[in-house]
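Have a look at start-v3.txt below; it lists compact mmCIF, C-alpha atoms and all ligand atoms.
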# COMPACT_ATOMS: atom_id res chain seq x y z
CA MET A 1 181.41 -53.55 -132.86
CA LYS A 2 177.96 -55.13 -132.30
CA LYS A 3 176.95 -57.88 -134.69
CA LEU A 4 173.26 -57.65 -135.48
CA ALA A 5 170.47 -59.58 -137.12
CA VAL A 6 167.48 -57.45 -138.12
CA PHE A 7 164.30 -59.49 -138.45
CA GLY A 8 161.59 -57.76 -140.45
CA ALA A 9 164.22 -55.55 -142.10
CA THR A 10 161.81 -54.31 -144.80
CA GLY A 11 159.25 -53.06 -142.26
CA SER A 12 158.91 -49.76 -140.47
CA ILE A 13 160.99 -50.88 -137.44
CA GLY A 14 163.57 -52.73 -139.54
CA ARG A 15 164.15 -49.80 -141.89
CA ALA A 16 164.50 -47.38 -138.98
CA ALA A 17 167.09 -49.70 -137.40
CA LEU A 18 169.09 -49.91 -140.61
CA GLU A 19 169.06 -46.13 -140.89
CA ILE A 20 170.76 -45.97 -137.49
CA VAL A 21 173.25 -48.65 -138.54
CA LYS A 22 174.08 -46.66 -141.68
CA SER A 23 174.93 -43.59 -139.56
CA TYR A 24 177.17 -45.61 -137.21
CA PRO A 25 179.17 -48.11 -139.29
CA GLU A 26 181.89 -48.17 -136.62
CA ARG A 27 179.42 -49.43 -134.00
CA PHE A 28 177.30 -51.97 -135.87
CA GLN A 29 177.69 -54.71 -138.42
CA VAL A 30 174.60 -56.37 -139.88
CA LEU A 31 175.13 -60.10 -140.35
CA GLY A 32 171.54 -61.08 -141.11
CA ILE A 33 168.29 -59.57 -142.34
CA SER A 34 164.86 -61.06 -143.02
CA ALA A 35 161.66 -60.21 -144.84
CA LYS A 36 158.54 -62.12 -145.80
CA THR A 37 158.04 -61.43 -149.51
CA ASN A 38 159.41 -57.94 -150.26
CA LEU A 39 162.34 -59.19 -152.35
CA ASN A 40 163.21 -55.90 -154.01
CA LEU A 41 163.69 -53.99 -150.81
CA LEU A 42 165.45 -56.89 -149.10
CA LYS A 43 167.83 -57.18 -152.03
CA ASN A 44 168.59 -53.43 -151.94
CA LEU A 45 169.25 -53.52 -148.21
CA ALA A 46 171.33 -56.69 -148.49
CA GLN A 47 173.52 -55.19 -151.21
CA LYS A 48 173.87 -51.87 -149.41
CA PHE A 49 175.11 -53.50 -146.18
CA LYS A 50 176.69 -56.59 -147.83
CA VAL A 51 174.72 -58.81 -145.44
CA PRO A 52 175.97 -62.43 -145.43
CA TYR A 53 172.73 -64.13 -144.24
CA LEU A 54 169.24 -63.43 -145.60
CA VAL A 55 165.86 -65.03 -144.82
CA VAL A 56 162.63 -64.96 -146.86
CA GLU A 57 159.32 -66.78 -146.62
CA ASN A 58 159.88 -69.77 -148.91
CA GLU A 59 162.33 -71.66 -151.06
CA GLU A 60 161.14 -70.19 -154.35
CA LEU A 61 161.70 -66.63 -153.11
CA ALA A 62 165.06 -67.65 -151.67
CA LYS A 63 166.24 -68.96 -155.06
CA LYS A 64 164.98 -65.85 -156.83
CA LEU A 65 166.74 -63.58 -154.34
CA LYS A 66 170.01 -65.50 -154.49
CA ALA A 67 170.05 -65.34 -158.28
CA SER A 68 169.46 -61.58 -158.28
CA LEU A 69 172.18 -60.56 -155.78
CA ASN A 70 175.37 -58.85 -156.95
CA TYR A 71 177.44 -60.61 -154.22
CA SER A 72 177.43 -64.02 -152.60
CA ALA A 73 175.15 -64.52 -149.55
CA GLU A 74 173.53 -67.46 -147.82
CA VAL A 75 169.78 -67.25 -148.41
CA LEU A 76 167.61 -69.16 -145.94
CA TRP A 77 163.85 -69.52 -145.87
CA GLY A 78 160.76 -70.18 -143.74
CA ASP A 79 160.54 -70.83 -140.00
CA ARG A 80 163.72 -72.84 -140.19
CA GLY A 81 165.54 -69.92 -141.78
CA LEU A 82 164.34 -67.59 -138.99
CA LYS A 83 165.59 -70.10 -136.43
CA GLU A 84 168.97 -70.61 -138.13
CA LEU A 85 169.63 -66.89 -138.35
CA SER A 86 168.64 -66.31 -134.72
CA ILE A 87 171.11 -68.87 -133.38
CA LEU A 88 174.18 -68.02 -135.49
CA PRO A 89 177.05 -67.91 -132.99
CA GLU A 90 178.64 -64.80 -134.50
CA ILE A 91 175.51 -62.67 -133.88
CA ASP A 92 175.22 -60.88 -130.49
CA LEU A 93 171.98 -58.97 -130.78
CA LEU A 94 168.70 -59.66 -132.57
CA LEU A 95 166.23 -56.90 -133.40
CA ILE A 96 162.78 -58.40 -133.86
CA GLY A 97 160.73 -56.15 -136.13
CA ILE A 98 158.60 -58.90 -137.67
CA SER A 99 154.88 -58.26 -137.30
CA GLY A 100 152.59 -61.00 -135.99
CA ILE A 101 153.22 -64.31 -134.25
CA LYS A 102 156.15 -65.24 -136.57
CA GLY A 103 158.23 -62.84 -134.48
CA LEU A 104 158.08 -65.41 -131.70
CA ILE A 105 160.31 -67.86 -133.60
CA PRO A 106 163.57 -65.88 -133.70
CA THR A 107 162.79 -64.37 -130.29
CA TYR A 108 162.45 -67.79 -128.71
CA TYR A 109 165.49 -69.39 -130.36
CA GLY A 110 167.64 -66.31 -129.82
CA LEU A 111 166.84 -66.26 -126.09
CA LYS A 112 167.45 -70.01 -125.94
CA LYS A 113 170.99 -69.32 -127.10
CA GLY A 114 171.35 -66.63 -124.43
CA LYS A 115 171.33 -63.75 -126.91
CA ILE A 116 170.21 -60.18 -126.41
CA VAL A 117 166.85 -59.64 -128.07
CA ALA A 118 165.70 -56.09 -128.79
CA LEU A 119 162.00 -56.80 -129.06
CA ALA A 120 159.59 -54.62 -131.00
CA ASN A 121 157.28 -57.55 -131.78
CA LYS A 122 154.66 -57.26 -129.05
CA GLU A 123 152.75 -60.32 -130.25
CA SER A 124 155.42 -62.67 -128.89
CA LEU A 125 155.19 -61.16 -125.41
CA VAL A 126 151.39 -61.16 -125.44
CA CYS A 127 151.21 -64.80 -126.59
CA ALA A 128 154.22 -66.32 -124.88
CA GLY A 129 155.53 -63.85 -122.30
CA GLY A 130 155.83 -66.50 -119.58
CA LEU A 131 157.74 -68.89 -121.82
CA LEU A 132 160.14 -66.21 -123.06
CA LYS A 133 160.91 -65.01 -119.54
CA LYS A 134 161.47 -68.58 -118.37
CA ILE A 135 163.90 -69.28 -121.23
CA ALA A 136 165.73 -65.99 -120.69
CA LYS A 137 166.14 -66.81 -117.00
CA GLN A 138 167.55 -70.25 -117.81
CA THR A 139 170.05 -69.07 -120.43
CA GLY A 140 170.93 -65.52 -119.35
CA GLY A 141 169.33 -64.18 -122.55
CA LYS A 142 167.98 -60.62 -122.31
CA ILE A 143 164.78 -59.04 -123.59
CA ILE A 144 165.12 -55.31 -124.23
CA PRO A 145 161.83 -53.59 -124.97
CA VAL A 146 161.71 -51.51 -128.15
CA ASP A 147 158.03 -50.54 -128.10
CA SER A 148 158.30 -46.84 -127.24
CA GLU A 149 156.14 -46.90 -124.10
CA HIS A 150 157.99 -49.93 -122.73
CA SER A 151 161.39 -48.53 -123.58
CA SER A 152 160.35 -45.42 -121.63
CA LEU A 153 159.12 -47.48 -118.70
CA PHE A 154 162.29 -49.57 -118.77
CA GLN A 155 164.31 -46.38 -118.40
CA LEU A 156 162.04 -44.86 -115.73
CA LEU A 157 161.67 -47.99 -113.63
CA ASN A 158 165.43 -48.58 -113.62
CA LYS A 159 165.83 -45.47 -111.53
CA GLU A 160 163.62 -46.49 -108.61
CA PRO A 161 163.24 -49.53 -106.33
CA PHE A 162 160.05 -51.46 -107.02
CA SER A 163 158.60 -50.52 -103.61
CA ASN A 164 158.65 -46.82 -104.60
CA ILE A 165 156.36 -47.34 -107.58
CA GLU A 166 152.67 -46.77 -107.04
CA LYS A 167 151.41 -46.91 -110.62
CA ILE A 168 152.56 -46.91 -114.20
CA PHE A 169 150.85 -45.11 -117.06
CA LEU A 170 151.09 -45.92 -120.74
CA THR A 171 150.10 -43.06 -122.97
CA ALA A 172 148.06 -43.46 -126.17
CA SER A 173 147.47 -40.92 -128.91
CA GLY A 174 143.91 -42.23 -129.14
CA GLY A 175 144.38 -43.03 -132.84
CA PRO A 176 142.56 -41.35 -135.71
CA PHE A 177 139.02 -41.92 -134.37
CA TYR A 178 139.19 -40.90 -130.75
CA LYS A 179 136.81 -37.98 -131.27
CA LYS A 180 134.67 -39.63 -133.94
CA PRO A 181 131.10 -40.52 -132.87
CA ILE A 182 130.78 -44.29 -132.44
CA ARG A 183 127.78 -44.41 -134.80
CA GLU A 184 130.15 -43.46 -137.64
CA PHE A 185 132.57 -46.37 -136.97
CA VAL A 186 130.65 -48.59 -139.38
CA ASN A 187 131.73 -46.37 -142.30
CA ILE A 188 135.46 -46.29 -141.50
CA THR A 189 137.51 -47.62 -144.44
CA PRO A 190 140.91 -49.36 -144.25
CA GLU A 191 142.49 -46.43 -146.13
CA VAL A 192 141.44 -43.98 -143.41
CA ALA A 193 142.12 -46.36 -140.53
CA ILE A 194 145.78 -46.91 -141.44
CA LYS A 195 146.53 -43.18 -141.25
CA HIS A 196 147.82 -42.76 -137.72
CA PRO A 197 147.86 -39.14 -136.50
CA THR A 198 151.32 -39.19 -134.87
CA TRP A 199 153.29 -42.41 -135.59
CA LYS A 200 154.35 -43.90 -138.95
CA MET A 201 153.95 -47.67 -138.63
CA GLY A 202 153.10 -50.90 -140.45
CA VAL A 203 149.52 -51.67 -141.48
CA LYS A 204 148.60 -54.16 -138.71
CA ILE A 205 149.76 -51.98 -135.80
CA SER A 206 148.10 -48.93 -137.38
CA ILE A 207 144.70 -50.66 -137.40
CA ASP A 208 145.34 -51.87 -133.85
CA SER A 209 146.06 -48.27 -132.88
CA ALA A 210 142.78 -47.14 -134.43
CA THR A 211 140.79 -49.69 -132.37
CA LEU A 212 143.08 -49.15 -129.33
CA MET A 213 143.74 -52.91 -129.36
CA ASN A 214 147.39 -51.93 -129.68
CA LYS A 215 147.21 -50.13 -126.34
CA GLY A 216 145.48 -53.16 -124.83
CA PHE A 217 148.35 -55.36 -126.04
CA GLU A 218 150.78 -52.87 -124.57
CA VAL A 219 149.13 -53.21 -121.16
CA ILE A 220 149.65 -56.98 -121.40
CA GLU A 221 153.23 -56.42 -122.59
CA ALA A 222 153.95 -54.10 -119.64
CA GLN A 223 152.50 -56.56 -117.17
CA VAL A 224 154.72 -59.33 -118.57
CA LEU A 225 157.90 -57.29 -118.95
CA PHE A 226 157.84 -55.54 -115.60
CA ASP A 227 155.99 -58.11 -113.47
CA PHE A 228 153.60 -55.37 -112.54
CA PRO A 229 150.12 -55.95 -111.09
CA LEU A 230 147.44 -55.26 -113.70
CA GLU A 231 145.44 -52.92 -111.44
CA LYS A 232 148.47 -50.63 -111.22
CA ILE A 233 148.81 -50.22 -114.99
CA GLU A 234 146.73 -47.42 -116.47
CA ILE A 235 146.28 -45.80 -119.85
CA LEU A 236 146.17 -42.07 -120.47
CA ILE A 237 145.01 -40.57 -123.76
CA HIS A 238 147.66 -38.05 -124.78
CA PRO A 239 147.03 -36.92 -128.37
CA GLN A 240 150.40 -35.16 -128.78
CA SER A 241 152.40 -38.44 -128.32
CA ILE A 242 155.26 -36.59 -126.62
CA VAL A 243 155.12 -38.24 -123.18
CA HIS A 244 155.42 -41.99 -123.78
CA ALA A 245 155.06 -43.28 -120.23
CA LEU A 246 154.78 -42.02 -116.67
CA VAL A 247 155.58 -43.58 -113.33
CA LYS A 248 153.79 -42.46 -110.18
CA LEU A 249 155.90 -42.75 -107.03
CA ILE A 250 154.66 -43.27 -103.48
CA ASP A 251 155.62 -39.73 -102.47
CA GLY A 252 153.06 -38.36 -104.96
CA SER A 253 155.62 -37.32 -107.60
CA TYR A 254 155.78 -38.55 -111.21
CA LEU A 255 158.59 -39.47 -113.57
CA ALA A 256 157.97 -39.09 -117.28
CA HIS A 257 159.88 -39.80 -120.48
CA LEU A 258 159.45 -37.36 -123.34
CA SER A 259 160.55 -37.33 -126.94
CA TRP A 260 159.27 -36.62 -130.39
CA PRO A 261 157.34 -39.73 -131.60
CA ASP A 262 160.15 -41.40 -133.54
CA MET A 263 160.96 -45.10 -133.15
CA LYS A 264 164.64 -44.47 -133.90
CA ILE A 265 165.03 -43.33 -130.28
CA PRO A 266 163.95 -46.57 -128.53
CA ILE A 267 165.56 -48.69 -131.27
CA ALA A 268 168.93 -46.96 -130.83
CA TYR A 269 168.70 -47.17 -127.04
CA ALA A 270 168.28 -50.94 -127.35
CA LEU A 271 170.88 -51.49 -130.10
CA THR A 272 173.56 -49.54 -128.24
CA LEU A 273 172.69 -51.31 -124.99
CA PHE A 274 171.69 -48.08 -123.33
CA GLU A 275 174.26 -45.64 -124.64
CA ARG A 276 172.98 -42.31 -125.91
CA ILE A 277 173.92 -41.43 -129.46
CA LYS A 278 172.98 -38.54 -131.72
CA LEU A 279 170.09 -39.43 -134.02
CA PRO A 280 168.49 -37.83 -137.06
CA VAL A 281 165.25 -37.02 -135.22
CA LYS A 282 163.19 -33.86 -135.14
CA GLU A 283 164.17 -31.46 -132.35
CA LEU A 284 161.65 -31.56 -129.49
CA ASN A 285 160.66 -27.98 -128.82
CA LEU A 286 158.29 -27.92 -125.86
CA GLU A 287 157.59 -24.20 -126.18
CA GLU A 288 156.43 -24.83 -129.75
CA ILE A 289 154.16 -27.66 -128.67
CA GLY A 290 152.86 -25.53 -125.81
CA THR A 291 150.20 -27.81 -124.40
CA LEU A 292 150.35 -31.43 -123.36
CA THR A 293 146.95 -32.91 -122.54
CA PHE A 294 145.92 -36.13 -120.80
CA GLU A 295 142.55 -37.76 -120.33
CA LYS A 296 141.08 -41.08 -119.28
CA PRO A 297 140.39 -43.52 -122.12
CA ASP A 298 136.83 -44.31 -123.16
CA PHE A 299 136.39 -48.05 -122.55
CA GLN A 300 132.80 -47.99 -123.90
CA LYS A 301 133.77 -46.58 -127.26
CA PHE A 302 136.92 -48.71 -127.50
CA PRO A 303 136.02 -52.15 -126.07
CA CYS A 304 139.37 -53.62 -127.15
CA LEU A 305 140.87 -51.99 -124.05
CA ARG A 306 138.43 -53.80 -121.79
CA LEU A 307 139.10 -57.07 -123.63
CA ALA A 308 142.83 -56.77 -122.96
CA TYR A 309 142.34 -56.27 -119.20
CA GLU A 310 139.80 -59.13 -119.13
CA ALA A 311 142.19 -61.42 -120.98
CA VAL A 312 144.95 -60.82 -118.43
CA ARG A 313 142.53 -61.41 -115.54
CA GLU A 314 141.30 -64.59 -117.16
CA GLY A 315 144.87 -65.88 -117.75
CA ASN A 316 145.13 -69.40 -119.18
CA PHE A 317 146.18 -68.32 -122.70
CA ALA A 318 143.38 -65.73 -123.02
CA PRO A 319 145.90 -63.04 -124.15
CA LEU A 320 147.10 -65.42 -126.89
CA ILE A 321 143.50 -66.08 -127.95
CA LEU A 322 142.85 -62.34 -128.14
CA GLU A 323 146.02 -61.70 -130.17
CA ALA A 324 145.42 -64.58 -132.61
CA ALA A 325 141.82 -63.49 -133.16
CA ASP A 326 143.02 -59.95 -133.75
CA GLU A 327 145.44 -61.02 -136.52
CA VAL A 328 142.49 -62.61 -138.36
CA VAL A 329 139.99 -59.86 -137.71
CA VAL A 330 142.36 -57.07 -138.80
CA SER A 331 143.05 -58.95 -142.07
CA ALA A 332 139.30 -59.41 -142.56
CA PHE A 333 138.76 -55.67 -142.09
CA LEU A 334 141.58 -54.84 -144.53
CA GLU A 335 139.98 -57.22 -147.05
CA ARG A 336 136.62 -55.50 -146.44
CA LYS A 337 135.00 -58.70 -145.17
CA ILE A 338 133.93 -56.97 -141.96
CA THR A 339 133.35 -53.35 -140.95
CA PHE A 340 135.52 -51.47 -138.47
CA ASP A 341 132.86 -51.49 -135.73
CA LYS A 342 132.74 -55.30 -135.83
CA ILE A 343 136.41 -55.78 -134.89
CA PRO A 344 135.81 -55.90 -131.10
CA TYR A 345 132.69 -58.02 -131.63
CA PHE A 346 134.66 -60.85 -133.26
CA LEU A 347 137.44 -60.56 -130.71
CA GLU A 348 135.03 -60.86 -127.81
CA LYS A 349 133.15 -63.73 -129.47
CA THR A 350 136.41 -65.64 -129.95
CA LEU A 351 137.44 -65.00 -126.34
CA LYS A 352 134.09 -66.29 -125.09
CA GLU A 353 133.59 -69.24 -127.43
CA PHE A 354 137.01 -70.67 -128.25
CA LYS A 355 137.72 -73.78 -126.17
CA ILE A 356 141.19 -75.22 -125.78
CA ASN A 357 140.80 -78.91 -126.51
CA PHE A 358 144.28 -80.17 -125.79
CA GLN A 359 146.81 -79.95 -122.97
CA VAL A 360 148.93 -76.91 -123.87
CA LYS A 361 152.49 -77.21 -122.59
CA GLU A 362 154.40 -73.98 -122.22
CA GLU A 363 156.52 -74.82 -125.23
CA LEU A 364 156.99 -73.14 -128.58
CA GLU A 365 155.30 -75.83 -130.69
CA ASP A 366 152.19 -75.94 -128.49
CA ILE A 367 151.89 -72.17 -128.44
CA LEU A 368 152.22 -71.88 -132.22
CA PHE A 369 149.71 -74.71 -132.70
CA LEU A 370 147.21 -73.09 -130.33
CA HIS A 371 147.64 -69.79 -132.15
CA GLN A 372 146.83 -71.48 -135.47
CA GLU A 373 143.76 -73.14 -133.97
CA VAL A 374 142.43 -69.82 -132.70
CA CYS A 375 143.08 -68.19 -136.09
CA GLN A 376 141.07 -70.92 -137.80
CA PHE A 377 138.26 -70.58 -135.25
CA THR A 378 138.03 -66.81 -135.80
CA LYS A 379 138.22 -67.22 -139.60
CA ASN A 380 135.18 -69.51 -139.38
CA LEU A 381 133.33 -67.00 -137.19
CA VAL A 382 134.07 -64.22 -139.67
CA GLU A 383 132.97 -66.35 -142.65
CA LYS A 384 129.72 -67.23 -140.90
CA GLY A 385 129.09 -63.73 -139.60
CA SER A 386 129.76 -61.70 -142.72
N1 LIG B 401 156.18 -49.45 -136.43
C1 LIG B 401 156.22 -49.02 -135.19
O1 LIG B 401 156.32 -47.82 -134.95
C2 LIG B 401 156.14 -50.00 -134.03
C3 LIG B 401 156.18 -49.51 -132.72
C4 LIG B 401 156.15 -50.41 -131.67
C5 LIG B 401 156.07 -51.76 -131.90
N2 LIG B 401 156.01 -52.22 -133.18
C6 LIG B 401 155.89 -53.66 -133.42
O2 LIG B 401 156.97 -54.05 -134.25
C7 LIG B 401 156.55 -55.08 -135.14
C8 LIG B 401 156.79 -54.61 -136.56
O3 LIG B 401 155.96 -53.50 -136.84
P1 LIG B 401 156.14 -52.66 -138.17
O4 LIG B 401 155.26 -51.48 -138.03
O5 LIG B 401 157.59 -52.44 -138.46
O6 LIG B 401 155.51 -53.67 -139.25
P2 LIG B 401 155.66 -53.64 -140.83
O7 LIG B 401 156.09 -52.30 -141.31
O8 LIG B 401 154.41 -54.20 -141.37
O9 LIG B 401 156.86 -54.66 -141.12
C9 LIG B 401 156.74 -56.03 -140.81
C10 LIG B 401 158.03 -56.75 -141.18
O10 LIG B 401 157.88 -58.13 -140.84
C11 LIG B 401 157.96 -58.94 -142.03
N3 LIG B 401 156.96 -60.00 -141.89
C12 LIG B 401 155.62 -59.84 -141.81
N4 LIG B 401 155.01 -61.03 -141.69
C13 LIG B 401 156.00 -61.96 -141.71
C14 LIG B 401 156.00 -63.38 -141.66
N5 LIG B 401 154.86 -64.07 -141.57
N6 LIG B 401 157.18 -64.01 -141.70
C15 LIG B 401 158.35 -63.31 -141.79
N7 LIG B 401 158.41 -61.96 -141.85
C16 LIG B 401 157.24 -61.30 -141.82
C17 LIG B 401 157.66 -58.00 -143.19
O11 LIG B 401 158.23 -58.50 -144.41
P3 LIG B 401 157.66 -58.01 -145.85
O12 LIG B 401 158.04 -56.57 -145.97
O13 LIG B 401 158.35 -58.88 -146.83
O14 LIG B 401 156.17 -58.21 -145.79
C18 LIG B 401 158.34 -56.73 -142.68
O15 LIG B 401 159.73 -56.82 -142.85
C19 LIG B 401 155.08 -55.35 -134.80
O16 LIG B 401 155.01 -56.42 -133.91
C20 LIG B 401 154.63 -54.07 -134.13
O17 LIG B 401 153.57 -54.28 -133.23
C21 LIG B 401 156.05 -51.37 -134.25
I need this file expressed as structure tokens, please.
Amino acid sequence: MKKLAVFGATGSIGRAALEIVKSYPERFQVLGISAKTNLNLLKNLAQKFKVPYLVVENEELAKKLKASLNYSAEVLWGDRGLKELSILPEIDLLLIGISGIKGLIPTYYGLKKGKIVALANKESLVCAGGLLKKIAKQTGGKIIPVDSEHSSLFQLLNKEPFSNIEKIFLTASGGPFYKKPIREFVNITPEVAIKHPTWKMGVKISIDSATLMNKGFEVIEAQVLFDFPLEKIEILIHPQSIVHALVKLIDGSYLAHLSWPDMKIPIAYALTLFERIKLPVKELNLEEIGTLTFEKPDFQKFPCLRLAYEAVREGNFAPLILEAADEVVVSAFLERKITFDKIPYFLEKTLKEFKINFQVKEELEDILFLHQEVCQFTKNLVEKGS
């Protein structure tokens, strides 16, 4: 029986994970769940699974939640609550489905305790990949990728020695605007931008998918996770979202991983530690789909892709700067402070103009502080520019 903590339990990843847990009560026990502010859903999930440890954003919410529960649970709050849950000795595996930089906190502390971390939160790898790998190496902690492309690559790359791999390809649906003329980007509203054509996801990642910033982050994530040279990581636009990743081998052949776009598959693969279990997912019928298409991405129309490659080349916390700026700029777009076409503009401006004015140690506190500084810098840019 695996003992789990599900961080971000009220989100798209967290809910999918708990659906799997519900179907396999003999395999999994949920000892902790967290949310930010969605008390109603957290309470329902907590009561359904009788979860002993809960985490919410602040003390007030924690008191409210505790008072409303129909059983007795320990309710923690804030960054400290995320830390406490991640290091509980009785928990073996953490699923990190928090969106944004906060996901770094349980990831970091869980790895520090040598735990297995099933990581959906790409922000922590983009901002602190080096630190997380260093900690995991020291403690024996494990990072298992949950992002679908990286789960696919993890499975494909396991089958071949490194020297056999010539290139890796991440696929991208292209998002809702791949075919839209760029002159119309200025009129794109948040309501339209969050409607992803193939995946059902949280708001932030949906906007990132529409700008292709998400795919840029995934390139960074792949480079960190698999220690792969940047020039050997490519993106292919594949609107059907059936092939999630491909590996090109030196003999000219390719390996590919195919499934219906459903996050339950990579989540279950990580939670079971690589066992295959039956899942309530739509049957993949290739003859029904008929055609799978692939094309090169348009870096002109989607400059976020270029920014991601440039950030990796630049190194020195540039990926963190890009990610922090993106959190601010996406919020500004959702609040209608900036238009869709301006998203890459503010990202590039932050990358060019933000200066690190202190000695950043590769430690959690420094990384979180730097992230905050960048967010403030981009907020000021947005205020001035809009
Ligand atoms: N969804 C996907 O298909 C998918 C695929 C690959 C990777 N990912 C990655 O997985 C992560 C989660 O994505 P998602 O789509 O599941 O997001 P989501 O639906 O927006 O859910 C986010 C979850 O994190 C919690 N949360 C948000 N901000 C928080 C904060 N500051 N402190 C504590 N908890 C916080 C939310 O709580 P409340 O509900 O209370 O706000 C919610 O439980 C992201 O990093 C994303 O890039 C997602």
Using only C-alpha atoms and all ligand atoms, determine which residues fall within 8 Å of ligand LIG 401 (chain B), then list them as a CSV table (one decimal) with C-alpha atoms, in the coordinates of the input.
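Once written, part-v7.csv looks like this:
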chain,number,residue,atom,x,y,z
A,7,PHE,CA,164.3,-59.5,-138.4
A,8,GLY,CA,161.6,-57.8,-140.4
A,9,ALA,CA,164.2,-55.6,-142.1
A,10,THR,CA,161.8,-54.3,-144.8
A,11,GLY,CA,159.2,-53.1,-142.3
A,12,SER,CA,158.9,-49.8,-140.5
A,13,ILE,CA,161.0,-50.9,-137.4
A,14,GLY,CA,163.6,-52.7,-139.5
A,15,ARG,CA,164.2,-49.8,-141.9
A,34,SER,CA,164.9,-61.1,-143.0
A,35,ALA,CA,161.7,-60.2,-144.8
A,36,LYS,CA,158.5,-62.1,-145.8
A,37,THR,CA,158.0,-61.4,-149.5
A,38,ASN,CA,159.4,-57.9,-150.3
A,39,LEU,CA,162.3,-59.2,-152.4
A,41,LEU,CA,163.7,-54.0,-150.8
A,42,LEU,CA,165.4,-56.9,-149.1
A,56,VAL,CA,162.6,-65.0,-146.9
A,57,GLU,CA,159.3,-66.8,-146.6
A,78,GLY,CA,160.8,-70.2,-143.7
A,79,ASP,CA,160.5,-70.8,-140.0
A,82,LEU,CA,164.3,-67.6,-139.0
A,96,ILE,CA,162.8,-58.4,-133.9
A,97,GLY,CA,160.7,-56.2,-136.1
A,98,ILE,CA,158.6,-58.9,-137.7
A,99,SER,CA,154.9,-58.3,-137.3
A,100,GLY,CA,152.6,-61.0,-136.0
A,101,ILE,CA,153.2,-64.3,-134.2
A,102,LYS,CA,156.2,-65.2,-136.6
A,103,GLY,CA,158.2,-62.8,-134.5
A,119,LEU,CA,162.0,-56.8,-129.1
A,120,ALA,CA,159.6,-54.6,-131.0
A,121,ASN,CA,157.3,-57.6,-131.8
A,122,LYS,CA,154.7,-57.3,-129.0
A,123,GLU,CA,152.8,-60.3,-130.2
A,146,VAL,CA,161.7,-51.5,-128.2
A,147,ASP,CA,158.0,-50.5,-128.1
A,148,SER,CA,158.3,-46.8,-127.2
A,199,TRP,CA,153.3,-42.4,-135.6
A,200,LYS,CA,154.4,-43.9,-139.0
A,201,MET,CA,154.0,-47.7,-138.6
A,202,GLY,CA,153.1,-50.9,-140.4
A,203,VAL,CA,149.5,-51.7,-141.5
A,204,LYS,CA,148.6,-54.2,-138.7
A,205,ILE,CA,149.8,-52.0,-135.8
A,206,SER,CA,148.1,-48.9,-137.4
A,214,ASN,CA,147.4,-51.9,-129.7
A,262,ASP,CA,160.2,-41.4,-133.5
A,263,MET,CA,161.0,-45.1,-133.2
Contacts of Lys64 in chain A within 12 Å, only C-alpha atoms, excl. fewer than 2 positions in-chain, as a list in words: Thr37, Asn38, Leu39, Asn40, Leu42, Lys43, Val56, Glu57, Asn58, Glu59, Glu60, Leu61, Ala62, Lys66, Ala67, Ser68, Leu69, Val75, Leu76 and Trp77 of chain A
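If you count all atoms listed in the file and ignore residues fewer than 4 places along the chain from Gly315 in chain A, what sits within 12 Å of it is Val126, Cys127, Ala128, Gly129, Gly130, Ile220, Val224, Leu230, Ala308, Tyr309, Glu310, Ala311, Pro319, Leu320, Ile321, Leu322 and Leu351 of chain A.
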Show me the residues close to (161.4, -66.1, -128.3) - anything with an atom within 12 Å, counting only C-alpha atoms - and format the list as a compact mmCIF listing (two decimals) with C-alpha atoms, in the coordinates of the input.
# COMPACT_ATOMS: atom_id res chain seq x y z
CA LEU A 82 164.34 -67.59 -138.99
CA LYS A 83 165.59 -70.10 -136.43
CA SER A 86 168.64 -66.31 -134.72
CA ILE A 87 171.11 -68.87 -133.38
CA LEU A 94 168.70 -59.66 -132.57
CA LEU A 95 166.23 -56.90 -133.40
CA ILE A 96 162.78 -58.40 -133.86
CA ILE A 101 153.22 -64.31 -134.25
CA LYS A 102 156.15 -65.24 -136.57
CA GLY A 103 158.23 -62.84 -134.48
CA LEU A 104 158.08 -65.41 -131.70
CA ILE A 105 160.31 -67.86 -133.60
CA PRO A 106 163.57 -65.88 -133.70
CA THR A 107 162.79 -64.37 -130.29
CA TYR A 108 162.45 -67.79 -128.71
CA TYR A 109 165.49 -69.39 -130.36
CA GLY A 110 167.64 -66.31 -129.82
CA LEU A 111 166.84 -66.26 -126.09
CA LYS A 112 167.45 -70.01 -125.94
CA LYS A 113 170.99 -69.32 -127.10
CA GLY A 114 171.35 -66.63 -124.43
CA LYS A 115 171.33 -63.75 -126.91
CA ILE A 116 170.21 -60.18 -126.41
CA VAL A 117 166.85 -59.64 -128.07
CA ALA A 118 165.70 -56.09 -128.79
CA LEU A 119 162.00 -56.80 -129.06
CA ALA A 120 159.59 -54.62 -131.00
CA ASN A 121 157.28 -57.55 -131.78
CA LYS A 122 154.66 -57.26 -129.05
CA GLU A 123 152.75 -60.32 -130.25
CA SER A 124 155.42 -62.67 -128.89
CA LEU A 125 155.19 -61.16 -125.41
CA VAL A 126 151.39 -61.16 -125.44
CA CYS A 127 151.21 -64.80 -126.59
CA ALA A 128 154.22 -66.32 -124.88
CA GLY A 129 155.53 -63.85 -122.30
CA GLY A 130 155.83 -66.50 -119.58
CA LEU A 131 157.74 -68.89 -121.82
CA LEU A 132 160.14 -66.21 -123.06
CA LYS A 133 160.91 -65.01 -119.54
CA LYS A 134 161.47 -68.58 -118.37
CA ILE A 135 163.90 -69.28 -121.23
CA ALA A 136 165.73 -65.99 -120.69
CA GLY A 141 169.33 -64.18 -122.55
CA LYS A 142 167.98 -60.62 -122.31
CA ILE A 143 164.78 -59.04 -123.59
CA GLU A 363 156.52 -74.82 -125.23
CA LEU A 364 156.99 -73.14 -128.58
CA GLU A 365 155.30 -75.83 -130.69
CA ILE A 367 151.89 -72.17 -128.44
CA LEU A 368 152.22 -71.88 -132.22
